[in-house]
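The next block is entry-v2.cif, given as mmCIF, C-alpha atoms.
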```cif
data_input
loop_
_atom_site.group_PDB
_atom_site.id
_atom_site.type_symbol
_atom_site.label_atom_id
_atom_site.label_comp_id
_atom_site.auth_asym_id
_atom_site.auth_seq_id
_atom_site.Cartn_x
_atom_site.Cartn_y
_atom_site.Cartn_z
ATOM 1 C CA MET A 1 82.980 120.087 -10.778
ATOM 2 C CA ASN A 2 79.296 120.036 -10.016
ATOM 3 C CA LYS A 3 77.871 119.256 -6.619
ATOM 4 C CA TYR A 4 77.482 115.515 -7.213
ATOM 5 C CA THR A 5 81.045 114.730 -8.348
ATOM 6 C CA TYR A 6 82.025 112.804 -5.216
ATOM 7 C CA GLN A 7 78.717 110.993 -4.998
ATOM 8 C CA ARG A 8 79.154 109.846 -8.588
ATOM 9 C CA LEU A 9 82.652 108.547 -7.867
ATOM 10 C CA LEU A 10 81.329 106.638 -4.852
ATOM 11 C CA VAL A 11 78.524 105.129 -6.934
ATOM 12 C CA ALA A 12 81.044 104.116 -9.643
ATOM 13 C CA LEU A 13 83.257 102.471 -6.994
ATOM 14 C CA ILE A 14 80.320 100.578 -5.440
ATOM 15 C CA ALA A 15 78.928 99.575 -8.852
ATOM 16 C CA GLY A 16 82.374 98.276 -9.824
ATOM 17 C CA ALA A 17 82.659 96.285 -6.596
ATOM 18 C CA ILE A 18 79.199 94.727 -7.055
ATOM 19 C CA PHE A 19 80.102 93.892 -10.656
ATOM 20 C CA GLY A 20 83.423 92.310 -9.634
ATOM 21 C CA PHE A 21 81.836 90.311 -6.819
ATOM 22 C CA GLY A 22 79.055 89.181 -9.158
ATOM 23 C CA LEU A 23 81.587 87.971 -11.724
ATOM 24 C CA SER A 24 83.430 85.922 -9.084
ATOM 25 C CA LEU A 25 80.176 84.469 -7.715
ATOM 26 C CA SER A 26 78.757 83.669 -11.157
ATOM 27 C CA GLY A 27 81.686 81.618 -12.470
ATOM 28 C CA MET A 28 82.309 84.062 -15.337
ATOM 29 C CA ALA A 29 85.697 84.925 -13.817
ATOM 30 C CA ASP A 30 86.899 81.350 -14.434
ATOM 31 C CA PRO A 31 88.160 80.867 -18.031
ATOM 32 C CA ALA A 32 87.720 77.094 -17.694
ATOM 33 C CA ARG A 33 84.001 77.583 -16.974
ATOM 34 C CA VAL A 34 83.668 80.029 -19.878
ATOM 35 C CA LEU A 35 85.324 77.572 -22.291
ATOM 36 C CA GLY A 36 83.151 74.784 -20.871
ATOM 37 C CA PHE A 37 80.141 76.896 -21.870
ATOM 38 C CA LEU A 38 81.406 77.984 -25.292
ATOM 39 C CA ASN A 39 82.790 74.570 -26.346
ATOM 40 C CA LEU A 40 79.711 72.682 -27.483
ATOM 41 C CA ALA A 41 81.647 69.543 -28.461
ATOM 42 C CA SER A 42 83.464 68.892 -25.197
ATOM 43 C CA GLY A 43 81.056 66.126 -24.155
ATOM 44 C CA THR A 44 80.614 67.856 -20.798
ATOM 45 C CA TRP A 45 78.861 71.053 -21.938
ATOM 46 C CA ASP A 46 78.201 73.371 -18.998
ATOM 47 C CA PRO A 47 75.150 75.548 -19.713
ATOM 48 C CA SER A 48 75.207 77.313 -16.320
ATOM 49 C CA LEU A 49 76.755 80.529 -17.626
ATOM 50 C CA ALA A 50 73.634 81.180 -19.698
ATOM 51 C CA PHE A 51 72.021 81.919 -16.323
ATOM 52 C CA VAL A 52 74.531 84.743 -15.780
ATOM 53 C CA LEU A 53 73.362 86.667 -18.823
ATOM 54 C CA GLY A 54 69.741 85.711 -18.120
ATOM 55 C CA GLY A 55 69.910 86.922 -14.510
ATOM 56 C CA ALA A 56 71.698 90.121 -15.476
ATOM 57 C CA VAL A 57 69.225 91.042 -18.219
ATOM 58 C CA ALA A 58 66.237 90.122 -16.005
ATOM 59 C CA VAL A 59 67.397 92.689 -13.423
ATOM 60 C CA ALA A 60 68.524 95.277 -15.984
ATOM 61 C CA VAL A 61 65.212 95.390 -17.914
ATOM 62 C CA PRO A 62 63.154 96.918 -15.053
ATOM 63 C CA GLY A 63 66.072 99.285 -14.398
ATOM 64 C CA VAL A 64 65.956 100.484 -18.005
ATOM 65 C CA MET A 65 62.157 100.870 -17.749
ATOM 66 C CA LEU A 66 62.683 103.022 -14.656
ATOM 67 C CA GLN A 67 65.303 105.065 -16.514
ATOM 68 C CA HIS A 68 62.807 105.760 -19.304
ATOM 69 C CA HIS A 69 60.657 107.603 -16.744
ATOM 70 C CA MET A 70 63.519 109.803 -15.555
ATOM 71 C CA ARG A 71 64.393 113.101 -17.225
ATOM 72 C CA LYS A 72 67.957 112.904 -15.887
ATOM 73 C CA PRO A 73 69.995 110.540 -13.706
ATOM 74 C CA LEU A 74 69.960 111.045 -9.922
ATOM 75 C CA LEU A 75 73.503 112.448 -9.790
ATOM 76 C CA ASP A 76 74.071 114.103 -13.184
ATOM 77 C CA GLN A 77 72.499 116.609 -15.569
ATOM 78 C CA GLU A 78 71.951 114.174 -18.420
ATOM 79 C CA PHE A 79 72.195 110.533 -19.458
ATOM 80 C CA HIS A 80 75.350 109.496 -21.334
ATOM 81 C CA LEU A 81 73.965 106.750 -23.548
ATOM 82 C CA PRO A 82 75.164 105.259 -26.853
ATOM 83 C CA GLN A 83 73.553 107.054 -29.799
ATOM 84 C CA LYS A 84 74.547 104.671 -32.587
ATOM 85 C CA THR A 85 71.862 102.373 -33.961
ATOM 86 C CA ALA A 86 73.445 101.221 -37.250
ATOM 87 C CA ILE A 87 74.309 97.548 -37.650
ATOM 88 C CA ASP A 88 77.381 98.100 -39.792
ATOM 89 C CA GLY A 89 80.541 96.304 -40.828
ATOM 90 C CA ARG A 90 82.594 97.685 -37.965
ATOM 91 C CA LEU A 91 80.086 96.445 -35.379
ATOM 92 C CA LEU A 92 79.931 92.947 -36.849
ATOM 93 C CA THR A 93 83.653 92.618 -37.657
ATOM 94 C CA GLY A 94 84.659 93.936 -34.230
ATOM 95 C CA SER A 95 82.202 91.652 -32.458
ATOM 96 C CA ALA A 96 83.430 88.653 -34.464
ATOM 97 C CA LEU A 97 87.094 89.420 -33.616
ATOM 98 C CA PHE A 98 86.138 89.846 -29.964
ATOM 99 C CA GLY A 99 84.203 86.566 -29.986
ATOM 100 C CA ILE A 100 87.136 84.650 -31.509
ATOM 101 C CA GLY A 101 89.493 86.049 -28.861
ATOM 102 C CA TRP A 102 86.955 85.234 -26.136
ATOM 103 C CA GLY A 103 86.619 81.646 -27.400
ATOM 104 C CA ILE A 104 90.387 81.065 -27.638
ATOM 105 C CA ALA A 105 91.225 81.725 -23.983
ATOM 106 C CA GLY A 106 87.890 82.182 -22.169
ATOM 107 C CA PHE A 107 88.629 85.756 -21.081
ATOM 108 C CA CYS A 108 86.414 88.751 -21.789
ATOM 109 C CA PRO A 109 87.202 92.280 -20.546
ATOM 110 C CA GLY A 110 85.212 92.476 -17.283
ATOM 111 C CA PRO A 111 86.211 89.116 -15.795
ATOM 112 C CA ALA A 112 89.857 89.449 -16.901
ATOM 113 C CA VAL A 113 90.263 92.905 -15.345
ATOM 114 C CA SER A 114 88.404 91.843 -12.183
ATOM 115 C CA ILE A 115 90.868 89.015 -11.460
ATOM 116 C CA LEU A 116 93.989 90.984 -12.397
ATOM 117 C CA PHE A 117 95.258 91.177 -8.807
ATOM 118 C CA VAL A 118 94.567 87.525 -7.944
ATOM 119 C CA GLY A 119 98.071 86.810 -9.210
ATOM 120 C CA LEU A 120 97.886 84.613 -12.302
ATOM 121 C CA PRO A 121 100.517 85.522 -14.934
ATOM 122 C CA ALA A 122 98.207 84.519 -17.827
ATOM 123 C CA VAL A 123 95.634 87.081 -16.662
ATOM 124 C CA ALA A 124 98.229 89.861 -16.575
ATOM 125 C CA LEU A 125 99.392 88.856 -20.066
ATOM 126 C CA PHE A 126 95.827 88.864 -21.387
ATOM 127 C CA VAL A 127 94.964 92.255 -19.869
ATOM 128 C CA ALA A 128 98.214 93.796 -21.161
ATOM 129 C CA ALA A 129 97.582 92.433 -24.680
ATOM 130 C CA MET A 130 93.957 93.638 -24.523
ATOM 131 C CA ALA A 131 95.080 97.128 -23.490
ATOM 132 C CA ILE A 132 97.578 97.208 -26.367
ATOM 133 C CA GLY A 133 94.834 96.087 -28.767
ATOM 134 C CA MET A 134 92.497 98.835 -27.534
ATOM 135 C CA ILE A 135 95.136 101.568 -27.791
ATOM 136 C CA LEU A 136 96.241 100.300 -31.216
ATOM 137 C CA HIS A 137 92.671 100.333 -32.494
ATOM 138 C CA ASP A 138 91.917 103.795 -31.124
ATOM 139 C CA ARG A 139 95.159 105.228 -32.599
ATOM 140 C CA LEU A 140 94.408 103.749 -36.029
ATOM 141 C CA ALA A 141 90.757 104.830 -35.895
ATOM 142 C CA ALA A 142 91.777 108.367 -34.911
ATOM 143 C CA GLY A 143 94.333 108.440 -37.735
ATOM 144 C CA ARG A 144 91.705 107.400 -40.279
ATOM 145 C CA SER A 145 89.241 110.120 -39.298
ATOM 146 C CA HIS A 146 91.806 112.951 -39.745
ATOM 147 C CA MET B 1 74.531 72.478 -5.006
ATOM 148 C CA THR B 2 74.279 72.940 -8.744
ATOM 149 C CA PRO B 3 76.316 75.816 -10.189
ATOM 150 C CA TYR B 4 73.117 77.322 -11.604
ATOM 151 C CA LEU B 5 72.087 79.316 -8.527
ATOM 152 C CA PRO B 6 75.439 81.106 -7.974
ATOM 153 C CA SER B 7 75.502 81.827 -11.698
ATOM 154 C CA LEU B 8 71.974 83.225 -11.566
ATOM 155 C CA PHE B 9 72.618 85.318 -8.434
ATOM 156 C CA GLY B 10 75.990 86.488 -9.743
ATOM 157 C CA GLY B 11 74.315 87.507 -12.984
ATOM 158 C CA MET B 12 71.601 89.376 -11.075
ATOM 159 C CA LEU B 13 74.343 91.320 -9.262
ATOM 160 C CA LEU B 14 75.806 92.293 -12.646
ATOM 161 C CA GLY B 15 72.371 93.584 -13.598
ATOM 162 C CA LEU B 16 72.048 95.455 -10.281
ATOM 163 C CA SER B 17 75.430 97.110 -10.787
ATOM 164 C CA ALA B 18 74.452 98.156 -14.320
ATOM 165 C CA VAL B 19 71.137 99.618 -13.106
ATOM 166 C CA LEU B 20 72.871 101.522 -10.303
ATOM 167 C CA LEU B 21 75.351 103.112 -12.702
ATOM 168 C CA LEU B 22 72.576 103.914 -15.200
ATOM 169 C CA VAL B 23 70.028 105.398 -12.787
ATOM 170 C CA ALA B 24 72.475 107.275 -10.519
ATOM 171 C CA ASN B 25 75.262 108.332 -12.906
ATOM 172 C CA GLY B 26 73.488 108.016 -16.250
ATOM 173 C CA ARG B 27 76.228 105.788 -17.644
ATOM 174 C CA ILE B 28 76.447 102.362 -19.279
ATOM 175 C CA ALA B 29 78.343 99.656 -17.375
ATOM 176 C CA GLY B 30 80.280 98.447 -20.417
ATOM 177 C CA ILE B 31 83.647 97.225 -19.257
ATOM 178 C CA SER B 32 85.519 97.442 -22.562
ATOM 179 C CA GLY B 33 84.275 101.020 -22.938
ATOM 180 C CA ILE B 34 85.228 101.916 -19.367
ATOM 181 C CA VAL B 35 88.716 100.412 -19.718
ATOM 182 C CA GLY B 36 89.180 101.865 -23.206
ATOM 183 C CA ARG B 37 88.218 105.383 -22.070
ATOM 184 C CA LEU B 38 90.497 105.024 -19.071
ATOM 185 C CA LEU B 39 93.421 104.066 -21.347
ATOM 186 C CA GLY B 40 92.572 106.955 -23.664
ATOM 187 C CA GLY B 41 92.542 109.416 -20.774
ATOM 188 C CA HIS B 42 88.812 110.224 -21.068
ATOM 189 C CA HIS B 43 86.613 110.770 -17.997
ATOM 190 C CA VAL B 44 89.372 109.236 -15.866
ATOM 191 C CA PRO B 45 88.076 109.624 -12.262
ATOM 192 C CA GLY B 46 84.714 107.900 -12.809
ATOM 193 C CA ASN B 47 86.160 105.098 -14.934
ATOM 194 C CA LEU B 48 89.050 104.593 -12.522
ATOM 195 C CA ALA B 49 86.675 104.396 -9.540
ATOM 196 C CA PHE B 50 84.656 101.686 -11.312
ATOM 197 C CA VAL B 51 87.800 99.703 -12.192
ATOM 198 C CA ILE B 52 89.109 99.911 -8.604
ATOM 199 C CA GLY B 53 85.773 98.521 -7.403
ATOM 200 C CA LEU B 54 85.926 95.810 -10.075
ATOM 201 C CA LEU B 55 89.443 94.772 -8.972
ATOM 202 C CA SER B 56 88.193 94.336 -5.405
ATOM 203 C CA GLY B 57 85.554 91.792 -6.511
ATOM 204 C CA PRO B 58 87.503 88.541 -5.996
ATOM 205 C CA PHE B 59 88.717 89.745 -2.584
ATOM 206 C CA LEU B 60 85.188 90.668 -1.470
ATOM 207 C CA TYR B 61 84.219 87.168 -2.622
ATOM 208 C CA ALA B 62 87.072 85.726 -0.525
ATOM 209 C CA ALA B 63 85.913 87.752 2.499
ATOM 210 C CA ALA B 64 82.405 86.310 2.105
ATOM 211 C CA TYR B 65 83.261 82.689 1.252
ATOM 212 C CA GLY B 66 86.679 82.191 2.856
ATOM 213 C CA HIS B 67 88.500 81.468 -0.400
ATOM 214 C CA LEU B 68 89.224 83.135 -3.724
ATOM 215 C CA PRO B 69 87.023 82.087 -6.671
ATOM 216 C CA ASN B 70 88.226 79.133 -8.756
ATOM 217 C CA ILE B 71 90.227 80.381 -11.713
ATOM 218 C CA THR B 72 91.725 77.812 -14.068
ATOM 219 C CA THR B 73 93.475 78.710 -17.282
ATOM 220 C CA VAL B 74 95.397 76.228 -19.392
ATOM 221 C CA THR B 75 95.658 78.190 -22.652
ATOM 222 C CA PRO B 76 99.300 78.446 -23.862
ATOM 223 C CA TRP B 77 100.770 81.933 -23.493
ATOM 224 C CA PRO B 78 101.148 82.758 -27.211
ATOM 225 C CA LEU B 79 97.432 82.055 -27.656
ATOM 226 C CA VAL B 80 96.585 84.165 -24.584
ATOM 227 C CA LEU B 81 98.519 87.021 -26.187
ATOM 228 C CA ILE B 82 96.645 86.647 -29.505
ATOM 229 C CA ALA B 83 93.321 86.365 -27.636
ATOM 230 C CA GLY B 84 94.058 89.571 -25.722
ATOM 231 C CA LEU B 85 94.888 91.514 -28.887
ATOM 232 C CA LEU B 86 91.731 90.234 -30.627
ATOM 233 C CA VAL B 87 89.544 91.129 -27.621
ATOM 234 C CA GLY B 88 91.132 94.580 -27.334
ATOM 235 C CA VAL B 89 90.786 95.483 -31.016
ATOM 236 C CA GLY B 90 87.427 93.745 -31.434
ATOM 237 C CA THR B 91 85.654 95.327 -28.464
ATOM 238 C CA ARG B 92 86.754 98.835 -29.466
ATOM 239 C CA MET B 93 85.839 98.296 -33.136
ATOM 240 C CA GLY B 94 82.509 96.744 -32.158
ATOM 241 C CA SER B 95 81.791 99.387 -29.485
ATOM 242 C CA GLY B 96 81.302 96.914 -26.658
ATOM 243 C CA CYS B 97 81.563 93.477 -25.130
ATOM 244 C CA THR B 98 79.618 91.001 -23.017
ATOM 245 C CA SER B 99 78.600 93.715 -20.522
ATOM 246 C CA GLY B 100 77.755 96.773 -22.633
ATOM 247 C CA HIS B 101 76.097 94.940 -25.540
ATOM 248 C CA GLY B 102 75.251 91.725 -23.708
ATOM 249 C CA ILE B 103 73.613 93.112 -20.568
ATOM 250 C CA LEU B 104 72.660 96.769 -21.076
ATOM 251 C CA GLY B 105 72.181 96.561 -24.835
ATOM 252 C CA LEU B 106 69.813 93.614 -24.606
ATOM 253 C CA ALA B 107 67.983 95.203 -21.635
ATOM 254 C CA ARG B 108 67.513 98.371 -23.738
ATOM 255 C CA PHE B 109 66.159 96.204 -26.582
ATOM 256 C CA SER B 110 68.854 97.596 -28.892
ATOM 257 C CA LYS B 111 68.891 95.766 -32.228
ATOM 258 C CA ARG B 112 72.521 96.885 -32.688
ATOM 259 C CA SER B 113 73.519 95.239 -29.401
ATOM 260 C CA LEU B 114 71.484 92.124 -30.208
ATOM 261 C CA ALA B 115 73.400 91.815 -33.502
ATOM 262 C CA ALA B 116 76.707 92.312 -31.669
ATOM 263 C CA THR B 117 75.834 89.794 -28.936
ATOM 264 C CA ALA B 118 74.692 87.157 -31.434
ATOM 265 C CA THR B 119 77.902 87.714 -33.435
ATOM 266 C CA PHE B 120 80.353 87.396 -30.541
ATOM 267 C CA LEU B 121 78.478 84.418 -29.057
ATOM 268 C CA ILE B 122 78.547 82.560 -32.381
ATOM 269 C CA ALA B 123 82.219 83.504 -32.964
ATOM 270 C CA GLY B 124 83.093 82.516 -29.381
ATOM 271 C CA ILE B 125 81.339 79.147 -29.696
ATOM 272 C CA ALA B 126 83.040 78.526 -33.064
ATOM 273 C CA ALA B 127 86.482 79.412 -31.697
ATOM 274 C CA ALA B 128 86.155 77.482 -28.425
ATOM 275 C CA THR B 129 84.680 74.420 -30.119
ATOM 276 C CA THR B 130 87.438 74.469 -32.766
ATOM 277 C CA MET B 131 90.154 74.933 -30.153
ATOM 278 C CA GLY B 132 88.662 72.115 -28.086
ATOM 279 C CA ALA B 133 88.673 69.785 -31.093
ATOM 280 C CA LEU B 134 92.286 70.687 -31.948
ATOM 281 C CA GLY B 135 93.735 70.358 -28.587
#
```

Represent the supplied structure as structure tokens.
Amino acid sequence: MNKYTYQRLLVALIAGAIFGFGLSLSGMADPARVLGFLNLASGTWDPSLAFVLGGAVAVAVPGVMLQHHMRKPLLDQEFHLPQKTAIDGRLLTGSALFGIGWGIAGFCPGPAVSILFVGLPAVALFVAAMAIGMILHDRLAAGRSH
Amino acid sequence: MTPYLPSLFGGMLLGLSAVLLLVANGRIAGISGIVGRLLGGHHVPGNLAFVIGLLSGPFLYAAAYGHLPNITTVTPWPLVLIAGLLVGVGTRMGSGCTSGHGILGLARFSKRSLAATATFLIAGIAAATTMGALG
């Protein structure tokens, strides 16, 4: 435990709440809207969700520029950032599998988890299946590396 | 009102959340990674705190707007199950999803995340367009 443990938990809670609220506000939490964006041949293509990614990246870019000028985060000793840079088969295969799943039902991880307690059985089914898929993958990946 | 402004503002809040987590805690707001680490028992308190906040999102929305967000899903259950498995396996194999690669990765100008984002967008469009044509 270092001195910022509780502050970090509070920040994580607040960041999660802002993220969840943002998903609900943006329309990303609605699978019908997501499929309306991803289905180009529906005749009623809804491009509005492109603004979600655009707005998010537009705010995140100056944040990343700020981070580049910091030696360490405000509440921790070091940044915990992804180190991988390789564009390999696992990245592309995994992303393709994810994309197919996303396009079938219109759920991706953040929105699906955020609406878990709203009370739709399909959401609970999706999140449970996603959790099983994650655990299955991590077990198999761990088995391979031993 | 067009749906563009709520989508834009909602997206900006996603970016704000990601910046907060990055600058204060030094961590990437990638939801598949957060959920995956939580399931694997890694760094549980921080990931759990984020997920609890995330779960409160629709109810904070309801407090602000007087109703829960619209959520419509018509996909048959067997397909929802298959979609969930694909998203679970795929996001762990590909090290991220729409948030980690799509928001933070692109904002960090990561070529790896750009490749991932292009791949899942193209695959998502192909799947949704095919499903739409079939049914």

Exercise for the section: Would you kindly translate the PyMOL selection byres ((chain B and resi 52-65) around 8) into the concrete residues it picks from this file, as a list of chain:residue names? Expected result: A:Ala12, A:Leu13, A:Ile14, A:Ala15, A:Gly16, A:Ala17, A:Ile18, A:Phe19, A:Gly20, A:Phe21, A:Gly22, A:Leu23, A:Ser24, A:Leu25, A:Gly110, A:Val113, A:Ser114, A:Ile115, A:Leu116, A:Phe117, A:Val118, B:Leu48, B:Ala49, B:Phe50, B:Val51, B:Gly66, B:His67, B:Leu68, B:Pro69

Keeping only C-alpha atoms, take the residues you just selected and write them out as a PDB file, in the coordinates of the input.
```pdb
ATOM      1  CA  ALA A  12      81.044 104.116  -9.643  1.00  0.00           C
ATOM      2  CA  LEU A  13      83.257 102.471  -6.994  1.00  0.00           C
ATOM      3  CA  ILE A  14      80.320 100.578  -5.440  1.00  0.00           C
ATOM      4  CA  ALA A  15      78.928  99.575  -8.852  1.00  0.00           C
ATOM      5  CA  GLY A  16      82.374  98.276  -9.824  1.00  0.00           C
ATOM      6  CA  ALA A  17      82.659  96.285  -6.596  1.00  0.00           C
ATOM      7  CA  ILE A  18      79.199  94.727  -7.055  1.00  0.00           C
ATOM      8  CA  PHE A  19      80.102  93.892 -10.656  1.00  0.00           C
ATOM      9  CA  GLY A  20      83.423  92.310  -9.634  1.00  0.00           C
ATOM     10  CA  PHE A  21      81.836  90.311  -6.819  1.00  0.00           C
ATOM     11  CA  GLY A  22      79.055  89.181  -9.158  1.00  0.00           C
ATOM     12  CA  LEU A  23      81.587  87.971 -11.724  1.00  0.00           C
ATOM     13  CA  SER A  24      83.430  85.922  -9.084  1.00  0.00           C
ATOM     14  CA  LEU A  25      80.176  84.469  -7.715  1.00  0.00           C
ATOM     15  CA  GLY A 110      85.212  92.476 -17.283  1.00  0.00           C
ATOM     16  CA  VAL A 113      90.263  92.905 -15.345  1.00  0.00           C
ATOM     17  CA  SER A 114      88.404  91.843 -12.183  1.00  0.00           C
ATOM     18  CA  ILE A 115      90.868  89.015 -11.460  1.00  0.00           C
ATOM     19  CA  LEU A 116      93.989  90.984 -12.397  1.00  0.00           C
ATOM     20  CA  PHE A 117      95.258  91.177  -8.807  1.00  0.00           C
ATOM     21  CA  VAL A 118      94.567  87.525  -7.944  1.00  0.00           C
TER      22      VAL A 118
ATOM     23  CA  LEU B  48      89.050 104.593 -12.522  1.00  0.00           C
ATOM     24  CA  ALA B  49      86.675 104.396  -9.540  1.00  0.00           C
ATOM     25  CA  PHE B  50      84.656 101.686 -11.312  1.00  0.00           C
ATOM     26  CA  VAL B  51      87.800  99.703 -12.192  1.00  0.00           C
ATOM     27  CA  GLY B  66      86.679  82.191   2.856  1.00  0.00           C
ATOM     28  CA  HIS B  67      88.500  81.468  -0.400  1.00  0.00           C
ATOM     29  CA  LEU B  68      89.224  83.135  -3.724  1.00  0.00           C
ATOM     30  CA  PRO B  69      87.023  82.087  -6.671  1.00  0.00           C
TER      31      PRO B  69
END
```

Evaluate the PyMOL selection byres ((chain B and resi 11) around 6) and record the selected residues as a tab-separated table (two decimals) with C-alpha atoms, keeping the file's coordinate frame, following the chain and residue labels used in the document.
```
chain	number	residue	atom	x	y	z
A	52	VAL	CA	74.53	84.74	-15.78
A	53	LEU	CA	73.36	86.67	-18.82
A	55	GLY	CA	69.91	86.92	-14.51
A	56	ALA	CA	71.70	90.12	-15.48
B	7	SER	CA	75.50	81.83	-11.70
B	8	LEU	CA	71.97	83.22	-11.57
B	9	PHE	CA	72.62	85.32	-8.43
B	10	GLY	CA	75.99	86.49	-9.74
B	12	MET	CA	71.60	89.38	-11.08
B	13	LEU	CA	74.34	91.32	-9.26
B	14	LEU	CA	75.81	92.29	-12.65
```

Exercise for the section: Please identify all polymer residues within 6 Å of stretch 83-97 of chain B, counting only C-alpha atoms, omitting same-chain residues fewer than 6 positions from it, and present them as a ChimeraX atom specification. Expected result: /A:90-91,94-95,97-98,101,126,129-130,133-134,137 /B:32

Practice task
Tell me which of A:Ala112, A:Ala41, A:Leu75, A:Val123 sits closest to A:Arg8, counting only C-alpha atoms.
Solution key: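 The answer is A:Leu75, which sits nearest to A:Arg8.
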
Handout entry: Residue nearest chain B - candidates A:Phe51, A:Trp45, A:Tyr6, A:Phe37, atoms counted: all atoms listed in the file
Key =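 Smallest separation from chain B among the options: A:Phe51.
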
Exercise for the section: Step by step, work through what the PyMOL selection byres ((chain A and resi 35) around 8) selects in the shown file, and finish by giving those residues as a PyMOL selection string. Expected result: (chain A and resi 31-34+36-39+103+105-106) or (chain B and resi 128)

Complete the atoms of stretch 23-36 of chain A to N, CA, C and O atoms and put them out as a CSV table (one decimal), in the frame of the given file.
```csv
chain,number,residue,atom,x,y,z
A,23,LEU,N,80.8,88.8,-10.8
A,23,LEU,CA,81.6,88.0,-11.7
A,23,LEU,C,82.2,86.8,-11.0
A,23,LEU,O,82.2,85.6,-11.5
A,24,SER,N,82.8,87.0,-9.8
A,24,SER,CA,83.4,85.9,-9.1
A,24,SER,C,82.4,84.9,-8.7
A,24,SER,O,82.6,83.7,-8.8
A,25,LEU,N,81.2,85.4,-8.2
A,25,LEU,CA,80.2,84.5,-7.7
A,25,LEU,C,79.6,83.7,-8.9
A,25,LEU,O,79.3,82.5,-8.7
A,26,SER,N,79.5,84.3,-10.0
A,26,SER,CA,78.8,83.7,-11.2
A,26,SER,C,79.5,82.6,-11.9
A,26,SER,O,79.0,81.7,-12.5
A,27,GLY,N,80.9,82.6,-11.7
A,27,GLY,CA,81.7,81.6,-12.5
A,27,GLY,C,82.3,82.2,-13.7
A,27,GLY,O,83.2,81.6,-14.4
A,28,MET,N,81.8,83.4,-14.1
A,28,MET,CA,82.3,84.1,-15.3
A,28,MET,C,83.8,84.4,-15.2
A,28,MET,O,84.5,84.6,-16.2
A,29,ALA,N,84.3,84.5,-14.0
A,29,ALA,CA,85.7,84.9,-13.8
A,29,ALA,C,86.6,83.7,-14.1
A,29,ALA,O,87.8,83.9,-14.1
A,30,ASP,N,86.1,82.6,-14.2
A,30,ASP,CA,86.9,81.4,-14.4
A,30,ASP,C,86.9,81.0,-15.9
A,30,ASP,O,85.9,80.5,-16.5
A,31,PRO,N,88.1,81.2,-16.6
A,31,PRO,CA,88.2,80.9,-18.0
A,31,PRO,C,87.8,79.4,-18.3
A,31,PRO,O,87.2,79.2,-19.4
A,32,ALA,N,88.1,78.5,-17.4
A,32,ALA,CA,87.7,77.1,-17.7
A,32,ALA,C,86.2,76.9,-17.8
A,32,ALA,O,85.7,76.2,-18.6
A,33,ARG,N,85.5,77.6,-16.9
A,33,ARG,CA,84.0,77.6,-17.0
A,33,ARG,C,83.5,78.2,-18.3
A,33,ARG,O,82.5,77.7,-18.9
A,34,VAL,N,84.1,79.3,-18.7
A,34,VAL,CA,83.7,80.0,-19.9
A,34,VAL,C,83.9,79.1,-21.1
A,34,VAL,O,83.0,79.0,-21.9
A,35,LEU,N,85.1,78.5,-21.2
A,35,LEU,CA,85.3,77.6,-22.3
A,35,LEU,C,84.4,76.3,-22.2
A,35,LEU,O,84.0,75.8,-23.3
A,36,GLY,N,84.1,75.9,-21.0
A,36,GLY,CA,83.2,74.8,-20.9
A,36,GLY,C,81.8,75.1,-21.4
A,36,GLY,O,81.0,74.2,-21.8
```
